[in-house]
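Raw target.pdb, PDB, C-alpha atoms and all ligand atoms:
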ATOM      1  CA  MET A 219       0.000   0.000   0.000
ATOM      2  CA  LEU A 220       1.380   3.408  -0.981
ATOM      3  CA  SER A 221       1.978   6.020   1.719
ATOM      4  CA  PRO A 222      -0.784   8.653   1.912
ATOM      5  CA  ILE A 223       1.242  11.322   0.112
ATOM      6  CA  ARG A 224       2.331   8.927  -2.626
ATOM      7  CA  LEU A 225      -1.218   7.645  -3.047
ATOM      8  CA  VAL A 226      -2.574  11.147  -3.657
ATOM      9  CA  SER A 227       0.389  12.193  -5.785
ATOM     10  CA  GLU A 228       0.192   9.105  -8.021
ATOM     11  CA  ALA A 229      -3.565   9.584  -8.382
ATOM     12  CA  ALA A 230      -3.130  13.230  -9.435
ATOM     13  CA  GLU A 231      -0.457  12.291 -11.949
ATOM     14  CA  LEU A 232      -2.486   9.470 -13.504
ATOM     15  CA  ALA A 233      -5.582  11.670 -13.689
ATOM     16  CA  ALA A 234      -3.593  14.470 -15.364
ATOM     17  CA  ARG A 235      -2.237  12.089 -17.989
ATOM     18  CA  ARG A 236      -5.508  10.257 -18.654
ATOM     19  CA  HIS A 237      -7.573  13.452 -18.993
ATOM     20  CA  ASN A 238      -4.850  15.239 -20.986
ATOM     21  CA  GLY A 239      -6.292  17.537 -23.653
ATOM     22  CA  MET A 240      -9.866  17.310 -22.314
ATOM     23  CA  ALA A 241     -11.786  20.486 -21.528
ATOM     24  CA  ARG A 242     -14.613  20.782 -19.052
ATOM     25  CA  LYS A 243     -18.069  22.183 -19.630
ATOM     26  CA  GLY A 244     -18.758  25.747 -18.467
ATOM     27  CA  ARG A 245     -16.540  28.614 -17.277
ATOM     28  CA  GLY A 246     -13.996  29.276 -20.005
ATOM     29  CA  GLU A 247     -13.732  25.587 -20.973
ATOM     30  CA  GLU A 248     -10.996  25.094 -18.402
ATOM     31  CA  PRO A 249      -8.720  22.053 -18.642
ATOM     32  CA  TYR A 250     -10.494  19.019 -17.170
ATOM     33  CA  ILE A 251      -7.787  18.615 -14.552
ATOM     34  CA  ASN A 252      -9.048  21.807 -12.858
ATOM     35  CA  HIS A 253     -12.303  19.977 -12.074
ATOM     36  CA  LEU A 254     -10.457  16.997 -10.607
ATOM     37  CA  ALA A 255      -8.177  19.223  -8.518
ATOM     38  CA  GLU A 256     -11.199  21.075  -7.167
ATOM     39  CA  VAL A 257     -13.066  17.878  -6.246
ATOM     40  CA  ALA A 258      -9.983  16.325  -4.604
ATOM     41  CA  ASN A 259      -9.276  19.497  -2.653
ATOM     42  CA  LEU A 260     -12.886  19.848  -1.469
ATOM     43  CA  LEU A 261     -12.623  16.284  -0.131
ATOM     44  CA  ALA A 262      -9.245  16.869   1.526
ATOM     45  CA  ASP A 263     -10.534  20.034   3.157
ATOM     46  CA  ALA A 264     -13.866  18.553   4.276
ATOM     47  CA  THR A 265     -12.118  15.621   5.965
ATOM     48  CA  ASP A 266      -9.099  17.602   7.238
ATOM     49  CA  GLY A 267      -6.763  15.399   5.233
ATOM     50  CA  ALA A 268      -7.685  12.294   7.224
ATOM     51  CA  ASP A 269      -8.550  10.031   4.268
ATOM     52  CA  ALA A 270      -5.918   9.776   1.522
ATOM     53  CA  GLU A 271      -7.855   7.078  -0.360
ATOM     54  CA  LEU A 272     -10.863   9.374  -0.575
ATOM     55  CA  VAL A 273      -8.735  12.245  -1.932
ATOM     56  CA  ALA A 274      -7.071   9.878  -4.429
ATOM     57  CA  ALA A 275     -10.510   8.683  -5.547
ATOM     58  CA  GLY A 276     -11.482  12.349  -5.948
ATOM     59  CA  TRP A 277      -8.623  12.814  -8.424
ATOM     60  CA  LEU A 278      -9.597   9.629 -10.236
ATOM     61  CA  HIS A 279     -13.401   9.779 -10.031
ATOM     62  CA  ASP A 280     -13.960  10.344 -13.776
ATOM     63  CA  THR A 281     -11.208   8.077 -15.135
ATOM     64  CA  ILE A 282     -13.359   4.984 -15.703
ATOM     65  CA  GLU A 283     -16.250   6.940 -17.196
ATOM     66  CA  ASP A 284     -14.220   9.259 -19.435
ATOM     67  CA  THR A 285     -10.843   7.674 -20.172
ATOM     68  CA  GLY A 286     -11.317   3.930 -20.447
ATOM     69  CA  THR A 287      -9.315   3.244 -17.286
ATOM     70  CA  THR A 288     -10.439  -0.016 -15.660
ATOM     71  CA  ARG A 289     -11.413  -0.933 -12.122
ATOM     72  CA  GLU A 290      -8.670  -3.603 -12.115
ATOM     73  CA  GLU A 291      -5.993  -1.091 -12.982
ATOM     74  CA  LEU A 292      -7.077   1.260 -10.205
ATOM     75  CA  ALA A 293      -7.271  -1.604  -7.697
ATOM     76  CA  GLN A 294      -3.794  -2.751  -8.625
ATOM     77  CA  LYS A 295      -2.161   0.708  -8.689
ATOM     78  CA  PHE A 296      -3.962   2.167  -5.680
ATOM     79  CA  SER A 297      -6.259  -0.007  -3.584
ATOM     80  CA  ASP A 298      -9.482  -1.924  -3.756
ATOM     81  CA  ARG A 299     -11.278   0.849  -1.878
ATOM     82  CA  VAL A 300     -10.035   3.542  -4.278
ATOM     83  CA  ALA A 301     -11.196   1.419  -7.222
ATOM     84  CA  SER A 302     -14.591   0.779  -5.608
ATOM     85  CA  LEU A 303     -15.122   4.470  -4.879
ATOM     86  CA  VAL A 304     -14.425   5.346  -8.521
ATOM     87  CA  VAL A 305     -16.753   2.587  -9.750
ATOM     88  CA  GLU A 306     -19.488   3.959  -7.498
ATOM     89  CA  CYS A 307     -19.054   7.360  -9.171
ATOM     90  CA  THR A 308     -19.159   5.959 -12.716
ATOM     91  CA  ASP A 309     -22.313   6.373 -14.812
ATOM     92  CA  ASP A 310     -23.420   3.779 -17.352
ATOM     93  CA  MET A 311     -22.699   5.657 -20.572
ATOM     94  CA  ASN A 312     -24.983   3.318 -22.538
ATOM     95  CA  LEU A 313     -27.911   5.136 -20.954
ATOM     96  CA  SER A 314     -29.203   8.493 -22.195
ATOM     97  CA  GLN A 315     -28.412  11.620 -20.185
ATOM     98  CA  THR A 316     -31.996  11.688 -18.876
ATOM     99  CA  GLU A 317     -31.731   8.060 -17.738
ATOM    100  CA  ARG A 318     -28.311   8.647 -16.142
ATOM    101  CA  ARG A 319     -29.577  11.656 -14.242
ATOM    102  CA  GLN A 320     -32.623   9.738 -12.974
ATOM    103  CA  LYS A 321     -30.454   6.787 -11.956
ATOM    104  CA  GLN A 322     -28.100   9.038  -9.983
ATOM    105  CA  ILE A 323     -31.054  10.316  -7.938
ATOM    106  CA  GLU A 324     -32.276   6.768  -7.272
ATOM    107  CA  ASP A 325     -28.844   5.297  -6.490
ATOM    108  CA  ALA A 326     -27.463   8.108  -4.309
ATOM    109  CA  PRO A 327     -28.892   6.930  -0.955
ATOM    110  CA  HIS A 328     -27.372   3.464  -1.465
ATOM    111  CA  LYS A 329     -23.795   4.640  -2.075
ATOM    112  CA  SER A 330     -20.969   4.165   0.435
ATOM    113  CA  PRO A 331     -20.205   7.138   2.724
ATOM    114  CA  GLY A 332     -17.047   7.996   0.733
ATOM    115  CA  ALA A 333     -18.835   7.882  -2.626
ATOM    116  CA  LYS A 334     -21.533  10.191  -1.243
ATOM    117  CA  LEU A 335     -18.860  12.760  -0.359
ATOM    118  CA  ILE A 336     -17.301  12.522  -3.839
ATOM    119  CA  LYS A 337     -20.709  13.012  -5.430
ATOM    120  CA  ILE A 338     -21.397  16.138  -3.362
ATOM    121  CA  ALA A 339     -17.941  17.591  -4.169
ATOM    122  CA  ASP A 340     -18.483  16.771  -7.866
ATOM    123  CA  LYS A 341     -21.803  18.605  -7.913
ATOM    124  CA  VAL A 342     -20.300  21.637  -6.120
ATOM    125  CA  SER A 343     -17.541  21.838  -8.723
ATOM    126  CA  ASN A 344     -19.913  21.379 -11.659
ATOM    127  CA  ILE A 345     -22.359  24.028 -10.416
ATOM    128  CA  ARG A 346     -19.510  26.497  -9.771
ATOM    129  CA  ALA A 347     -18.262  25.981 -13.331
ATOM    130  CA  ARG A 348     -21.715  26.904 -14.651
ATOM    131  CA  ILE A 349     -21.848  30.169 -12.698
ATOM    132  CA  VAL A 350     -20.525  32.616 -15.273
ATOM    133  CA  PRO A 351     -20.742  36.421 -15.483
ATOM    134  CA  ASN A 352     -23.569  37.666 -17.720
ATOM    135  CA  PRO A 353     -24.956  34.216 -18.571
ATOM    136  CA  SER A 354     -26.879  33.753 -21.834
ATOM    137  CA  ASP A 355     -30.379  32.215 -21.698
ATOM    138  CA  VAL A 356     -28.899  28.850 -22.645
ATOM    139  CA  GLN A 357     -26.300  29.083 -19.865
ATOM    140  CA  ARG A 358     -28.937  30.182 -17.356
ATOM    141  CA  ASN A 359     -31.218  27.275 -18.267
ATOM    142  CA  ASP A 360     -28.349  24.797 -18.124
ATOM    143  CA  LEU A 361     -27.322  26.094 -14.689
ATOM    144  CA  GLY A 362     -30.913  25.941 -13.415
ATOM    145  CA  ALA A 363     -31.530  22.419 -14.659
ATOM    146  CA  TYR A 364     -28.179  21.196 -13.366
ATOM    147  CA  ALA A 365     -28.528  22.792  -9.921
ATOM    148  CA  ILE A 366     -32.069  21.494  -9.368
ATOM    149  CA  TRP A 367     -31.060  17.982 -10.426
ATOM    150  CA  ALA A 368     -27.941  18.165  -8.223
ATOM    151  CA  GLU A 369     -30.122  19.057  -5.232
ATOM    152  CA  HIS A 370     -32.086  15.826  -5.757
ATOM    153  CA  VAL A 371     -28.905  13.738  -5.992
ATOM    154  CA  VAL A 372     -27.323  15.418  -2.966
ATOM    155  CA  ALA A 373     -30.522  14.922  -0.935
ATOM    156  CA  GLY A 374     -29.574  11.237  -0.971
ATOM    157  CA  CYS A 375     -25.918  11.911  -0.072
ATOM    158  CA  ARG A 376     -25.961  14.474   2.714
ATOM    159  CA  GLY A 377     -25.505  13.944   6.441
ATOM    160  CA  ALA A 378     -21.995  12.502   6.537
ATOM    161  CA  ASN A 379     -19.992  15.736   6.430
ATOM    162  CA  ALA A 380     -21.498  18.999   7.658
ATOM    163  CA  ARG A 381     -18.804  21.149   6.024
ATOM    164  CA  LEU A 382     -19.388  19.687   2.577
ATOM    165  CA  ASP A 383     -23.173  19.867   3.005
ATOM    166  CA  SER A 384     -22.985  23.568   3.799
ATOM    167  CA  ILE A 385     -20.583  24.281   0.906
ATOM    168  CA  PHE A 386     -23.101  22.598  -1.397
ATOM    169  CA  ASP A 387     -25.960  24.672   0.026
ATOM    170  CA  GLU A 388     -23.974  27.900  -0.417
ATOM    171  CA  THR A 389     -23.144  26.938  -3.998
ATOM    172  CA  VAL A 390     -26.790  26.264  -4.854
ATOM    173  CA  LYS A 391     -27.785  29.538  -3.222
ATOM    174  CA  ALA A 392     -25.262  31.413  -5.408
ATOM    175  CA  ALA A 393     -26.568  29.578  -8.487
ATOM    176  CA  LYS A 394     -30.191  30.397  -7.687
ATOM    177  CA  ARG A 395     -29.410  34.113  -7.772
ATOM    178  CA  LEU A 396     -28.771  33.631 -11.514
ATOM    179  CA  PHE A 397     -31.835  31.661 -12.643
TER
HETATM  180 ZN    ZN B 401     -16.577  14.860 -12.071
END
Output the file's structure as structure tokens, nothing else.
Amino acid sequence: MLSPIRLVSEAAELAARRHNGMARKGRGEEPYINHLAEVANLLADATDGADAELVAAGWLHDTIEDTGTTREELAQKFSDRVASLVVECTDDMNLSQTERRQKQIEDAPHKSPGAKLIKIADKVSNIRARIVPNPSDVQRNDLGAYAIWAEHVVAGCRGANARLDSIFDETVKAAKRLF
């Protein structure tokens, strides 16, 4: 098992390489790695750095869904728990976006405590990216739809970490001023 610092560092490095060249949706089409750094840092902060596997999984949470990385590879390089956390945060891309969003709402309450925290941090980051100055109607509608859906998902995830719950609530409040 890697030391905590190595675990997080290796996870960040793998995520950077696997998502290389990808841009994220929203705010200035930032490099995708900015999203992963934000999610990992929200998790590290919310847990006061007590759970390196959780922070590593934060860096890696989109690797299976978006980069073709496998559960086996993550289990072998990191740990079984890191791999499981990432699997829990992976959508079935054979489903339509509507089906995936509905499934996330239904599945959220049944996730492990760590996966619930990753999902909340993910939603915080994705809402923040959609809060842009002078949004167009399309951007405003996208933000509104995303934030309302995220509230339903997070309803099934909250209760494990008061700090993260309140950051999510603040983020939604900021979003709601725009739509
Ligand atoms: Zn994500």
Tell me which residues the PyMOL selection byres (((chain A and resi 296) around 9) and not hetatm) grabs here, as a PDB file with C-alpha atoms, keeping the file's coordinate frame.
ATOM      1  CA  MET A 219       0.000   0.000   0.000  1.00  0.00           C
ATOM      2  CA  LEU A 220       1.380   3.408  -0.981  1.00  0.00           C
ATOM      3  CA  LEU A 225      -1.218   7.645  -3.047  1.00  0.00           C
ATOM      4  CA  GLU A 228       0.192   9.105  -8.021  1.00  0.00           C
ATOM      5  CA  ALA A 229      -3.565   9.584  -8.382  1.00  0.00           C
ATOM      6  CA  GLU A 271      -7.855   7.078  -0.360  1.00  0.00           C
ATOM      7  CA  ALA A 274      -7.071   9.878  -4.429  1.00  0.00           C
ATOM      8  CA  GLU A 291      -5.993  -1.091 -12.982  1.00  0.00           C
ATOM      9  CA  LEU A 292      -7.077   1.260 -10.205  1.00  0.00           C
ATOM     10  CA  ALA A 293      -7.271  -1.604  -7.697  1.00  0.00           C
ATOM     11  CA  GLN A 294      -3.794  -2.751  -8.625  1.00  0.00           C
ATOM     12  CA  LYS A 295      -2.161   0.708  -8.689  1.00  0.00           C
ATOM     13  CA  SER A 297      -6.259  -0.007  -3.584  1.00  0.00           C
ATOM     14  CA  ASP A 298      -9.482  -1.924  -3.756  1.00  0.00           C
ATOM     15  CA  ARG A 299     -11.278   0.849  -1.878  1.00  0.00           C
ATOM     16  CA  VAL A 300     -10.035   3.542  -4.278  1.00  0.00           C
ATOM     17  CA  ALA A 301     -11.196   1.419  -7.222  1.00  0.00           C
TER      18      ALA A 301
END
Exercise. Using the chain letters and residue numbers of this document, give as a VMD selection string the residues selected by the PyMOL selection byres (((chain A and resi 337) around 12) and not hetatm).
Key: chain A and resid 257 to 258 260 to 261 272 275 to 276 279 to 280 303 to 309 322 to 323 325 to 327 329 to 336 338 to 344 368 to 376 382 to 383 386
Quiz prompt | Evaluate the PyMOL selection byres (((chain A and resi 354-366) around 10) and not hetatm) and report residues as a ChimeraX atom specification | solution = /A:244,319,341-342,344-353,367-371,389-391,393-394,396-397
Practice problem: Mind checking which residues fall within 7 Å of stretch 250-252 of chain A, counting all atoms listed in the file, ignoring those fewer than 5 positions away in the same chain, and posting them as number ranges by chain? | Solution: A: 234, 237, 240-242
Quiz prompt | Pairwise distance for atom CA of A:Glu317 and atom CA of A:Asn259, rounded to one decimal in Å | solution = 29.4 Å
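The gap separating atom CA of A:Gly286 from atom CA of A:Lys243 is 19.5 Å, in Å to one decimal.
The nearest approach to A:Trp277 among the residues A:His328, A:Arg289, A:His253, A:Arg318, with all atoms listed in the file taken into account, belongs to A:His253.
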Quiz item: For ligand ZN 401 (chain B), which residue among A:Ala233, A:Leu254, A:Leu313, A:Val226 is the nearest when counting all atoms listed in the file?
Solution: A:Leu254
First collect every listed atom of stretch 257-265 of chain A; then fit an axis-aligned box around them, widen it by 6 Å on each side, and give centre and edge lengths in Å to one decimal, as lines of an AutoDock Vina configuration file.
center_x = -11.6
center_y = 17.8
center_z = -0.1
size_x = 16.6
size_y = 16.4
size_z = 24.2
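Relative to atom CA of A:Thr288, atom CA of A:Asn238 is found at 17.1 Å.
Considering all atoms listed in the file, the residue among A:Arg224, A:Lys321, A:Arg245, A:Arg236 positioned nearest to A:Val273 is A:Arg224.
Restricting the calculation to all atoms listed in the file, the smallest distance between ligand ZN 401 (chain B) and any of A:Ala392, A:Ala230, A:Ala380, A:Ala255 is found for A:Ala255.
Distances from A:Thr281, A:Gln315, A:Ser384, A:Gln320 to ligand ZN 401 (chain B) were compared using all atoms listed in the file, and the smallest one belongs to A:Thr281.
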Generate N, CA and C atoms for stretch 291-314 of chain A and emit them as a compact mmCIF listing (two decimals), keeping the file's coordinate frame.
# COMPACT_ATOMS: atom_id res chain seq x y z
N GLU A 291 -7.20 -1.91 -12.99
CA GLU A 291 -5.99 -1.09 -12.98
C GLU A 291 -5.93 -0.21 -11.73
N LEU A 292 -7.05 0.39 -11.39
CA LEU A 292 -7.08 1.26 -10.20
C LEU A 292 -6.85 0.45 -8.93
N ALA A 293 -7.44 -0.75 -8.89
CA ALA A 293 -7.27 -1.60 -7.70
C ALA A 293 -5.82 -2.01 -7.54
N GLN A 294 -5.18 -2.30 -8.66
CA GLN A 294 -3.79 -2.75 -8.62
C GLN A 294 -2.84 -1.60 -8.30
N LYS A 295 -3.06 -0.44 -8.91
CA LYS A 295 -2.16 0.71 -8.69
C LYS A 295 -2.38 1.39 -7.35
N PHE A 296 -3.63 1.40 -6.88
CA PHE A 296 -3.96 2.17 -5.68
C PHE A 296 -4.45 1.22 -4.59
N SER A 297 -5.74 0.96 -4.55
CA SER A 297 -6.26 -0.01 -3.58
C SER A 297 -7.65 -0.41 -4.03
N ASP A 298 -8.14 -1.47 -3.42
CA ASP A 298 -9.48 -1.92 -3.76
C ASP A 298 -10.53 -0.86 -3.41
N ARG A 299 -10.30 -0.18 -2.29
CA ARG A 299 -11.28 0.85 -1.88
C ARG A 299 -11.28 2.02 -2.85
N VAL A 300 -10.10 2.46 -3.29
CA VAL A 300 -10.04 3.54 -4.28
C VAL A 300 -10.79 3.12 -5.54
N ALA A 301 -10.53 1.90 -6.01
CA ALA A 301 -11.20 1.42 -7.22
C ALA A 301 -12.71 1.37 -7.03
N SER A 302 -13.15 0.88 -5.87
CA SER A 302 -14.59 0.78 -5.61
C SER A 302 -15.25 2.15 -5.57
N LEU A 303 -14.56 3.11 -4.94
CA LEU A 303 -15.12 4.47 -4.88
C LEU A 303 -15.30 5.04 -6.28
N VAL A 304 -14.31 4.82 -7.15
CA VAL A 304 -14.42 5.35 -8.52
C VAL A 304 -15.56 4.64 -9.27
N VAL A 305 -15.66 3.33 -9.10
CA VAL A 305 -16.75 2.59 -9.75
C VAL A 305 -18.11 3.13 -9.30
N GLU A 306 -18.21 3.43 -8.02
CA GLU A 306 -19.49 3.96 -7.50
C GLU A 306 -19.84 5.32 -8.10
N CYS A 307 -18.82 6.03 -8.59
CA CYS A 307 -19.05 7.36 -9.17
C CYS A 307 -19.07 7.32 -10.69
N THR A 308 -19.18 6.12 -11.26
CA THR A 308 -19.16 5.96 -12.72
C THR A 308 -20.56 5.72 -13.24
N ASP A 309 -21.00 6.56 -14.18
CA ASP A 309 -22.31 6.37 -14.81
C ASP A 309 -22.21 5.34 -15.93
N ASP A 310 -23.32 4.68 -16.21
CA ASP A 310 -23.42 3.78 -17.35
C ASP A 310 -23.67 4.63 -18.60
N MET A 311 -22.60 4.76 -19.43
CA MET A 311 -22.70 5.66 -20.57
C MET A 311 -23.54 5.08 -21.71
N ASN A 312 -24.04 3.85 -21.55
CA ASN A 312 -24.98 3.32 -22.54
C ASN A 312 -26.38 3.91 -22.35
N LEU A 313 -26.61 4.52 -21.20
CA LEU A 313 -27.91 5.14 -20.95
C LEU A 313 -27.91 6.57 -21.50
N SER A 314 -29.10 7.09 -21.76
CA SER A 314 -29.20 8.49 -22.20
C SER A 314 -28.92 9.41 -21.00
